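The structure under discussion appears below in the form of structure tokens.
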Amino acid sequence: MFGEPFARRQPEGVDETIFEFASRRIGVEAASVLIDAMVSGVFAGNIHELSLSSSLPKMAAMEEEHGGLVMAMLARMRERRTARREVEERCLRGEKVEELVQPGGPAGPGGTLTSFRRGLDTLPEALAQELGDSMRYGVEVVSVGRGGEGGGPPGGDGGRSGPAGGDAGRGDSMAPWAVRATAGETLFADAVVVALPSPRAEPLLKDLDLGLSSTIGAIATAGLAVVALAFDAAPMGGTPDGFGFLVPRGTGPRILGCLWDSSIFPGRAPEGKVLLRVMIGGAHDPEAVMEEEGALVSQVRADLETTMGLEAEPLFSRVYRWPLGIGQYTVGHQGRVDIIHRRLHGLPGLWLVGGSFYGISMNACIEKAGEQVEEILSCLGSGPET
Ligand SMILES: Cc1cc2nc3c(=O)[nH]c(=O)nc-3n(C[C@H](O)[C@H](O)[C@H](O)COP(=O)(O)OP(=O)(O)OC[C@H]3O[C@@H](n4cnc5c(N)ncnc54)[C@H](O)[C@@H]3O)c2cc1C
């Protein structure tokens, strides 16, 4: 790893896998252990298939802009030091300084894992509350197609104006987009945002544009199961101190990693109790997500015994399955996204957003959604204040 600053540069025009990049810069062993574990933990993915520039664009930029990872980290430390000094000087001059100088990064402010006090549900619940009656639940969309303008008056009945507030002086059936749901209901809209994982978005758009839908379908996702286990802290020798651990593939345990939830997030377990969250499955082990509950819990407990020496009986366990899991930006992902953009260009009023396309983290999804809202509003001819 000490040789990293002297590693050769990325060959021009090659969409490298994460493994190719990491083994070129820090060596095969470090790539297989450190980077593999990180990729399992973040993407539940395979480092031999995921594209570096699409999956970890910040890491790719570190090489491009600074010549390597160590040089980039040194540059960042210098930038931070300069910024901190500037803030101190401004404070000394009596200026009110509001910016915080903190590392930041994909994990959140300060590089630490961040969540809401009462868990991540807080975010969609707050959004739903804000949207009130315009939010519909339990409706499965089966197709998105042209409405009145593009494909003649749409079929289906019970038409109502779309969620965008729909009707801009035309009859509903003249709205450009028709969204059909399982119950036979059709919603008409001026703009449609498909915000589904790629395997769900693909069939919806098949009749509209086969090229678009098949390109979306080529973006895979990796399913995984999350097993939550609660313990008394005493038999574990107290609350574990740290973040948890990630497991490189091929080292024995089947689990991808374990987050020591009650140690990371205050309030996730009562005093004297411990909550662990274990991930299992992913691109290397796709069957795990649908395995029987008892088998999953037994596997997880066996792996926790191997890794943490944890033999205690859990107070309870819960299994959460995410069959569509996490988007896998394999080699060629950017090319697929470019094709999607080109095809969407010919379908004004239709947008695609979400973790399958532009970044798997919640932060990335929210950032991209913000950009798209601006585009949608300008397309609909209304300012952001409306
Ligand atoms: C186990 C796990 C752990 C993760 N941990 C983190 C983390 O720590 N930090 C982080 O930043 N990211 C994490 N992620 C990634 C993050 O959750 C996703 O990137 C994010 O949820 C993607 O948001 P989305 O809106 O694109 O899709 P989703 O959140 O999947 O939302 C899609 C919605 O569409 C609905 N839907 C699907 N089909 C239809 C249909 N036909 N009609 C109507 N509705 C439909 C679904 O029910 C779902 O509600 C994790 C993901 C998983 C699976």
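Within each chain, counting starts at residue 1; across the structure tokens, chains are named A, B, ... in the order shown, with ligands numbered 1 upward in that order.
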
**Report entry** Every residue of region 104-283 of chain A that DSSP places in helix (DSSP H, G or I), as a PyMOL selection string
**Finding:** chain A and resi 109-111+122-134+148-151+172-174+198-204+210-217+234-236+261-264

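The binding environment of ligand 1, defined as every protein, DNA or RNA residue with an atom no more than 6 Å away and counting only C-alpha atoms and all ligand atoms, comprises Val139, Glu140, Val141, Val142, Ala195, Leu196, Pro197, Arg200, Val226, Trp322, Gly325, Ile326, Gly354, Gly355, Ile360, Ser361, Met362 and Asn363 of chain A.
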
Output file for the residues above (N, CA and C atoms, as a PDB file, in the first residue's frame):
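Here's the written file selection.pdb:
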ATOM      1  N   VAL A 139     -51.186   1.219  -4.311  1.00  0.00           N
ATOM      2  CA  VAL A 139     -51.582   1.210  -5.720  1.00  0.00           C
ATOM      3  C   VAL A 139     -50.379   0.758  -6.538  1.00  0.00           C
ATOM      4  N   GLU A 140     -50.533  -0.348  -7.250  1.00  0.00           N
ATOM      5  CA  GLU A 140     -49.410  -0.816  -8.054  1.00  0.00           C
ATOM      6  C   GLU A 140     -49.574  -0.348  -9.489  1.00  0.00           C
ATOM      7  N   VAL A 141     -48.600   0.363  -9.972  1.00  0.00           N
ATOM      8  CA  VAL A 141     -48.643   0.852 -11.348  1.00  0.00           C
ATOM      9  C   VAL A 141     -48.202  -0.274 -12.273  1.00  0.00           C
ATOM     10  N   VAL A 142     -48.954  -0.486 -13.365  1.00  0.00           N
ATOM     11  CA  VAL A 142     -48.583  -1.576 -14.279  1.00  0.00           C
ATOM     12  C   VAL A 142     -48.038  -1.072 -15.609  1.00  0.00           C
ATOM     13  N   ALA A 195     -39.992   6.308 -10.239  1.00  0.00           N
ATOM     14  CA  ALA A 195     -38.997   6.271  -9.153  1.00  0.00           C
ATOM     15  C   ALA A 195     -38.949   4.863  -8.565  1.00  0.00           C
ATOM     16  N   LEU A 196     -38.742   3.882  -9.433  1.00  0.00           N
ATOM     17  CA  LEU A 196     -38.769   2.478  -8.999  1.00  0.00           C
ATOM     18  C   LEU A 196     -37.417   1.827  -9.255  1.00  0.00           C
ATOM     19  N   PRO A 197     -37.120   0.770  -8.523  1.00  0.00           N
ATOM     20  CA  PRO A 197     -35.911   0.013  -8.837  1.00  0.00           C
ATOM     21  C   PRO A 197     -35.990  -0.536 -10.265  1.00  0.00           C
ATOM     22  N   ARG A 200     -38.421  -3.211 -11.533  1.00  0.00           N
ATOM     23  CA  ARG A 200     -39.839  -2.834 -11.507  1.00  0.00           C
ATOM     24  C   ARG A 200     -40.141  -1.797 -12.592  1.00  0.00           C
ATOM     25  N   VAL A 226     -31.867  -8.590   5.914  1.00  0.00           N
ATOM     26  CA  VAL A 226     -31.302  -7.957   7.110  1.00  0.00           C
ATOM     27  C   VAL A 226     -31.854  -8.711   8.315  1.00  0.00           C
ATOM     28  N   TRP A 322     -35.129  -7.732   1.405  1.00  0.00           N
ATOM     29  CA  TRP A 322     -35.090  -6.692   0.369  1.00  0.00           C
ATOM     30  C   TRP A 322     -34.718  -7.369  -0.953  1.00  0.00           C
ATOM     31  N   GLY A 325     -33.211  -5.133  -3.342  1.00  0.00           N
ATOM     32  CA  GLY A 325     -31.951  -4.694  -2.750  1.00  0.00           C
ATOM     33  C   GLY A 325     -31.354  -3.421  -3.305  1.00  0.00           C
ATOM     34  N   ILE A 326     -30.132  -3.544  -3.775  1.00  0.00           N
ATOM     35  CA  ILE A 326     -29.321  -2.359  -4.098  1.00  0.00           C
ATOM     36  C   ILE A 326     -28.900  -2.410  -5.568  1.00  0.00           C
ATOM     37  N   GLY A 354     -33.859   7.531  -8.929  1.00  0.00           N
ATOM     38  CA  GLY A 354     -33.736   6.491  -7.907  1.00  0.00           C
ATOM     39  C   GLY A 354     -32.411   5.775  -7.904  1.00  0.00           C
ATOM     40  N   GLY A 355     -32.299   4.909  -6.915  1.00  0.00           N
ATOM     41  CA  GLY A 355     -31.036   4.239  -6.608  1.00  0.00           C
ATOM     42  C   GLY A 355     -30.532   3.308  -7.696  1.00  0.00           C
ATOM     43  N   ILE A 360     -26.393   5.046  -5.361  1.00  0.00           N
ATOM     44  CA  ILE A 360     -27.249   4.166  -4.555  1.00  0.00           C
ATOM     45  C   ILE A 360     -27.590   4.745  -3.186  1.00  0.00           C
ATOM     46  N   SER A 361     -26.827   5.746  -2.739  1.00  0.00           N
ATOM     47  CA  SER A 361     -27.086   6.200  -1.364  1.00  0.00           C
ATOM     48  C   SER A 361     -28.333   7.070  -1.332  1.00  0.00           C
ATOM     49  N   MET A 362     -28.948   7.130  -0.176  1.00  0.00           N
ATOM     50  CA  MET A 362     -30.108   8.004   0.015  1.00  0.00           C
ATOM     51  C   MET A 362     -29.716   9.438  -0.334  1.00  0.00           C
ATOM     52  N   ASN A 363     -28.510   9.847   0.092  1.00  0.00           N
ATOM     53  CA  ASN A 363     -28.068  11.212  -0.194  1.00  0.00           C
ATOM     54  C   ASN A 363     -28.047  11.462  -1.694  1.00  0.00           C
TER      55      ASN A 363
END

Each residue of region 227-316 of chain A with at least one atom at most 10 Å from region 15-37 of chain A should appear once, together with its nearest atom pair and the corresponding distance in Å (one decimal); atoms considered: only C-alpha atoms; ordering: chain, then increasing residue number; output as CSV.
residue,atom,partner,partner_atom,distance
A:Phe245,CA,A:Ala37,CA,8.8
A:Leu246,CA,A:Ala37,CA,5.4
A:Val247,CA,A:Ala37,CA,5.2
A:Pro248,CA,A:Ala37,CA,4.2
A:Arg249,CA,A:Asp36,CA,7.0
A:Gly250,CA,A:Ser32,CA,9.3
A:Thr251,CA,A:Val33,CA,8.9
A:Leu256,CA,A:Ala37,CA,7.7
A:Gly257,CA,A:Ala37,CA,8.2

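Distance annotation: of A:Gly346, A:Pro286, A:Gly332, A:Gly281, the residue with the minimal separation from Gly211 (chain A) is A:Gly346; atom set is only C-alpha atoms.
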
Query raised in the report: Can you tell me, as a PyMOL selection string, what residues are no more than 12 Å from Leu229 (chain A) when counting only C-alpha atoms, ignoring any on the same chain fewer than 6 positions away?
Result: chain A and resi 258-262+269+273-279+296-298+300-301+304+310+312-320

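The residue set within 12 Å of Leu324 (chain A), counting only C-alpha atoms and dropping same-chain residues fewer than 5 places from it, reads Ala44, Leu196, Pro197, Ser198, Pro199, Arg200, Ala201, Ile219, Ala220, Thr221, Ala222, Gly223, Leu224, Ala225, Gly281, Gly282, Ala283, Pro286, Val289, Met290, Gly355 and Ser356 of chain A.
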
Report task. May I have the residues within 10 Å of Asp207 (chain A) as an NGL selection string, using only C-alpha atoms and disregarding those fewer than 4 positions away in the same chain? Result -> :A and (143-146 or 203 or 213)

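Minimum atom-to-atom distances from A:Leu127, A:Ala228, A:Ala218, A:Ala83 to Gly335 (chain A) were compared using only C-alpha atoms, and the lowest value belongs to A:Ala218.
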
**Report entry** All residues 10 Å or closer to Gly267 (chain A), only C-alpha atoms, same chain fewer than 3 positions away omitted, as an MDAnalysis selection string
**Finding:** chainID A and resid 117:119 261:264 270:271

Write a file of the selected residues as an mmCIF file, in the first residue's frame, keeping C-alpha atoms.
data_model
loop_
_atom_site.group_PDB
_atom_site.id
_atom_site.type_symbol
_atom_site.label_atom_id
_atom_site.label_comp_id
_atom_site.auth_asym_id
_atom_site.auth_seq_id
_atom_site.Cartn_x
_atom_site.Cartn_y
_atom_site.Cartn_z
ATOM 1 C CA ARG A 117 -33.695 9.601 16.155
ATOM 2 C CA ARG A 118 -36.688 7.327 15.551
ATOM 3 C CA GLY A 119 -35.236 5.570 12.528
ATOM 4 C CA ASP A 261 -26.756 -0.508 15.750
ATOM 5 C CA SER A 262 -27.239 0.379 19.413
ATOM 6 C CA SER A 263 -23.607 1.509 19.605
ATOM 7 C CA ILE A 264 -23.805 3.627 16.426
ATOM 8 C CA PRO A 270 -32.944 0.291 26.008
ATOM 9 C CA GLU A 271 -30.187 0.609 28.594
#

Query - Test item: residues at most 12 Å from region 60-72 of chain A, only C-alpha atoms, excluding those fewer than 2 positions along its chain, as an NGL selection string - result: :A and (1-12 or 14-18 or 20-22 or 24-26 or 51-58 or 74-79)

Output N, CA and C atoms of each residue in that selection to a file, as a CSV table (one decimal), in the first residue's frame.
chain,number,residue,atom,x,y,z
A,1,MET,N,0.8,-1.2,0.0
A,1,MET,CA,0.0,0.0,0.0
A,1,MET,C,0.9,1.3,0.0
A,2,PHE,N,2.1,1.2,0.6
A,2,PHE,CA,2.9,2.4,0.6
A,2,PHE,C,3.3,2.8,-0.8
A,3,GLY,N,3.2,1.9,-1.8
A,3,GLY,CA,3.6,2.2,-3.2
A,3,GLY,C,2.5,2.9,-3.9
A,4,GLU,N,1.3,3.2,-3.2
A,4,GLU,CA,0.2,3.7,-3.9
A,4,GLU,C,0.5,5.0,-4.7
A,5,PRO,N,1.2,5.9,-4.1
A,5,PRO,CA,1.5,7.2,-4.9
A,5,PRO,C,2.2,6.9,-6.2
A,6,PHE,N,2.9,5.8,-6.3
A,6,PHE,CA,3.7,5.5,-7.5
A,6,PHE,C,3.0,4.6,-8.5
A,7,ALA,N,1.7,4.2,-8.2
A,7,ALA,CA,1.0,3.2,-9.0
A,7,ALA,C,0.7,3.9,-10.4
A,8,ARG,N,0.7,3.0,-11.4
A,8,ARG,CA,0.4,3.5,-12.8
A,8,ARG,C,-1.0,4.0,-12.9
A,9,ARG,N,-1.2,5.0,-13.8
A,9,ARG,CA,-2.5,5.6,-14.0
A,9,ARG,C,-3.4,4.7,-14.7
A,10,GLN,N,-4.7,5.0,-14.6
A,10,GLN,CA,-5.7,4.2,-15.3
A,10,GLN,C,-5.6,4.3,-16.8
A,11,PRO,N,-5.6,3.2,-17.5
A,11,PRO,CA,-5.6,3.2,-19.0
A,11,PRO,C,-6.7,4.1,-19.5
A,12,GLU,N,-6.4,4.9,-20.5
A,12,GLU,CA,-7.4,5.8,-21.1
A,12,GLU,C,-8.6,5.1,-21.6
A,14,VAL,N,-10.9,3.2,-20.4
A,14,VAL,CA,-11.3,1.9,-19.9
A,14,VAL,C,-12.2,2.1,-18.7
A,15,ASP,N,-13.4,1.4,-18.7
A,15,ASP,CA,-14.3,1.4,-17.6
A,15,ASP,C,-13.8,0.3,-16.6
A,16,GLU,N,-12.9,0.7,-15.7
A,16,GLU,CA,-12.3,-0.4,-14.8
A,16,GLU,C,-13.3,-0.9,-13.8
A,17,THR,N,-13.2,-2.1,-13.4
A,17,THR,CA,-13.9,-2.6,-12.2
A,17,THR,C,-13.2,-2.1,-11.0
A,18,ILE,N,-14.0,-2.1,-9.9
A,18,ILE,CA,-13.4,-1.7,-8.6
A,18,ILE,C,-12.2,-2.5,-8.3
A,20,GLU,N,-10.1,-4.0,-10.4
A,20,GLU,CA,-9.0,-3.6,-11.2
A,20,GLU,C,-8.3,-2.3,-10.7
A,21,PHE,N,-9.1,-1.4,-10.4
A,21,PHE,CA,-8.6,-0.1,-9.9
A,21,PHE,C,-7.8,-0.3,-8.6
A,22,ALA,N,-8.5,-1.0,-7.6
A,22,ALA,CA,-7.9,-1.1,-6.3
A,22,ALA,C,-6.6,-2.0,-6.4
A,24,ARG,N,-4.6,-2.3,-8.9
A,24,ARG,CA,-3.6,-1.5,-9.5
A,24,ARG,C,-2.9,-0.5,-8.6
A,25,ARG,N,-3.8,0.1,-7.7
A,25,ARG,CA,-3.2,1.1,-6.8
A,25,ARG,C,-2.7,0.6,-5.5
A,26,ILE,N,-3.4,-0.3,-4.9
A,26,ILE,CA,-3.0,-0.7,-3.5
A,26,ILE,C,-2.6,-2.2,-3.4
A,51,SER,N,-18.4,-1.2,-11.7
A,51,SER,CA,-17.6,-0.2,-12.4
A,51,SER,C,-17.1,0.8,-11.3
A,52,LEU,N,-15.8,1.1,-11.3
A,52,LEU,CA,-15.3,2.1,-10.3
A,52,LEU,C,-16.0,3.5,-10.6
A,53,SER,N,-15.9,3.9,-11.8
A,53,SER,CA,-16.3,5.3,-12.1
A,53,SER,C,-17.8,5.5,-11.8
A,54,SER,N,-18.7,4.5,-12.0
A,54,SER,CA,-20.1,4.6,-11.7
A,54,SER,C,-20.4,4.4,-10.3
A,55,SER,N,-19.7,3.4,-9.6
A,55,SER,CA,-20.1,3.1,-8.2
A,55,SER,C,-19.4,4.0,-7.2
A,56,LEU,N,-18.1,4.3,-7.5
A,56,LEU,CA,-17.4,5.1,-6.5
A,56,LEU,C,-16.8,6.3,-7.3
A,57,PRO,N,-17.6,7.2,-7.8
A,57,PRO,CA,-17.1,8.3,-8.6
A,57,PRO,C,-16.1,9.2,-7.9
A,58,LYS,N,-16.3,9.3,-6.5
A,58,LYS,CA,-15.4,10.2,-5.8
A,58,LYS,C,-14.0,9.6,-5.8
A,74,LEU,N,-4.0,13.9,1.0
A,74,LEU,CA,-3.2,15.0,1.5
A,74,LEU,C,-3.7,16.4,1.1
A,75,ALA,N,-4.2,16.4,-0.2
A,75,ALA,CA,-4.8,17.7,-0.7
A,75,ALA,C,-6.0,18.1,0.1
A,76,ARG,N,-6.8,17.1,0.4
A,76,ARG,CA,-8.0,17.3,1.2
A,76,ARG,C,-7.7,17.8,2.6
A,77,MET,N,-6.6,17.2,3.2
A,77,MET,CA,-6.2,17.6,4.5
A,77,MET,C,-5.8,19.1,4.5
A,78,ARG,N,-5.0,19.4,3.4
A,78,ARG,CA,-4.6,20.8,3.3
A,78,ARG,C,-5.7,21.8,3.1
A,79,GLU,N,-6.7,21.4,2.3
A,79,GLU,CA,-7.9,22.2,2.1
A,79,GLU,C,-8.6,22.5,3.4

Report summary line: Counting only C-alpha atoms, closest pick from A:Gly272, A:Gly45, A:Pro323, A:Gly242 relative to Glu291 (chain A) is A:Pro323

Query - Test item, strand (DSSP E) assignment across region 193-343 of chain A, answer as a ChimeraX atom specification - result: /A:193-194,221-232,244-246,257-259,273-281,316-327
